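Here the structure comes first, spelled out in structure tokens, and everything after it is commentary.
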Amino acid sequence: MMFTCPECKAKTLTAEDGWASCSACSYEEAAEQAAIGFCTNVLGMGAKEIQVGQDGHILNCPNCPDENTLVDNRSPGGDDERYLCFCCGETWKSHALACCVECGLLKKTTDMVGEACAGCFRGKVNSDD
Ligand SMILES: [Zn+2]
Ligand SMILES: [Zn+2]
Ligand SMILES: [Zn+2]
């Protein structure tokens, strides 16, 4: 999946293994920096507006071990690519990810059991016996 480059604004940015790089210009950044760059330069947010962490604009990707690499694109029309990860290059629609009520992390809805993620659900079941 190609993202809009924070530097040249062409949709030629790819993300893989924790790095985002653009084939149209020389932009290359670590995932977390690229996520912040996308918020400021592409979504037009002020640096102070950007919230990192739970309920913020930059979140943890359910695919990736690295933290703060997933952008929650709340701009109008952003629903097709609501969540963009600058670590693995995946995108999700808004309904494809949900926040686990137990751990507060964003998870794929296919990995959820009710309102909890599978990991928290298993932990709960185990602690009950
Ligand atoms: Zn570029
Ligand atoms: Zn990811
Ligand atoms: Zn959980």
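FYI, nothing fancy with the structure tokens labels: chains A, B, ... in order, residues from 1 per chain, ligands from 1 as they appear.
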
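Contact shell of range 56-71 of chain A at 6 Å (only C-alpha atoms; same-chain neighbours under 4 positions omitted): Ala31, Glu32, Ala35, Gln51, Val52, Tyr83, Leu84, Cys85, Phe86, Cys87 and Lys107 of chain A.
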
Could the residues in this selection be written to a file with C-alpha atoms, as a compact mmCIF listing (two decimals), in the first residue's frame?
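Below is the file that was written, out-v9.txt:
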# COMPACT_ATOMS: atom_id res chain seq x y z
CA ALA A 31 8.19 4.63 11.22
CA GLU A 32 7.39 6.75 14.26
CA ALA A 35 3.79 8.86 11.26
CA GLN A 51 -1.66 13.11 20.54
CA VAL A 52 0.31 9.92 20.85
CA TYR A 83 -5.54 3.58 9.93
CA LEU A 84 -2.15 3.62 8.27
CA CYS A 85 0.90 1.92 9.68
CA PHE A 86 4.27 3.40 8.76
CA CYS A 87 6.03 0.34 10.11
CA LYS A 107 -6.75 -4.75 17.73

Find the residues near range 13-25 of chain A: any atom within 8 Å, counting only C-alpha atoms, skip ones fewer than 3 places away on the same chain, and give them as a compact mmCIF listing (two decimals) with C-alpha atoms, in the first residue's frame.
# COMPACT_ATOMS: atom_id res chain seq x y z
CA MET A 1 0.00 0.00 0.00
CA MET A 2 1.37 3.42 -0.98
CA PHE A 3 0.91 6.41 1.30
CA THR A 4 1.16 10.11 0.63
CA CYS A 5 4.73 11.25 1.22
CA GLU A 7 7.87 15.53 1.91
CA CYS A 8 6.80 15.65 -1.76
CA ALA A 10 3.16 12.14 -4.03
CA GLU A 28 13.31 8.16 4.41
CA GLU A 29 12.33 8.05 8.06
CA ALA A 30 11.85 5.61 10.90
CA ALA A 31 8.19 4.63 11.22
CA ALA A 34 7.12 9.19 9.40
CA ASP A 66 7.12 -1.12 17.37
CA CYS A 85 0.90 1.92 9.68
CA PHE A 86 4.27 3.40 8.76
CA CYS A 87 6.03 0.34 10.11
CA CYS A 88 4.43 -2.49 8.10
CA GLY A 89 2.61 -0.49 5.41

What residues have any atom no more than 10 Å from ligand 3 when counting only C-alpha atoms and all ligand atoms, and can you list them as number ranges by chain? A: 99-107, 111-113, 115-123

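Here atom 1 (Zn, counted along the ligand's line) of ligand 2 stands at a distance of 14.6 Å from CA of Asn73 in chain A.
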
Grab the CA of Met45 in chain A to atom 1 (Zn, counted along the ligand's line) of ligand 1 distance for me, in Å with one decimal place.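 Atom-to-atom, CA of Met45 in chain A and atom 1 (Zn, counted along the ligand's line) of ligand 1 are spaced 18.5 Å apart.
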
Pull the strand (DSSP E) assignments for chain A out of DSSP run on the backbone, and list those residues as a VMD selection string. chain A and resid 13 to 16 19 to 22 28 to 30 58 to 59 70 to 72 83 to 85 91 to 92 97 to 99 106 to 108 112 to 113 116 to 117

Could you list, as a list in words, every residue within 10 Å of Asp79 in chain A, counting only C-alpha atoms and ignoring same-chain residues fewer than 5 positions away?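 The residues that qualify are Asp72, Asn73, Arg74, Trp92, Lys93, Ser94 and His95 of chain A.
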
What is the CA of Tyr27 in chain A-CA of Leu43 in chain A distance in Å, reported with one decimal? 17.2 Å

With only C-alpha atoms and all ligand atoms as the atoms that count, which of A:Pro76, A:Lys108, A:Lys124, A:Glu90 lies nearest to ligand 2?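 Comparing A:Pro76, A:Lys108, A:Lys124, A:Glu90 against ligand 2, the winner is A:Glu90.
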
Please return as a PyMOL selection string: the residues of chain A that backbone DSSP assigns to helix (DSSP H, G or I). chain A and resi 31-42+79-81+94-96+109-111+118-128

Best match for closeness to ligand 2 among A:Thr110, A:Thr91, A:Ala47, A:Ala96, counting only C-alpha atoms and all ligand atoms: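 Among the listed residues, A:Thr91 lies closest to ligand 2.
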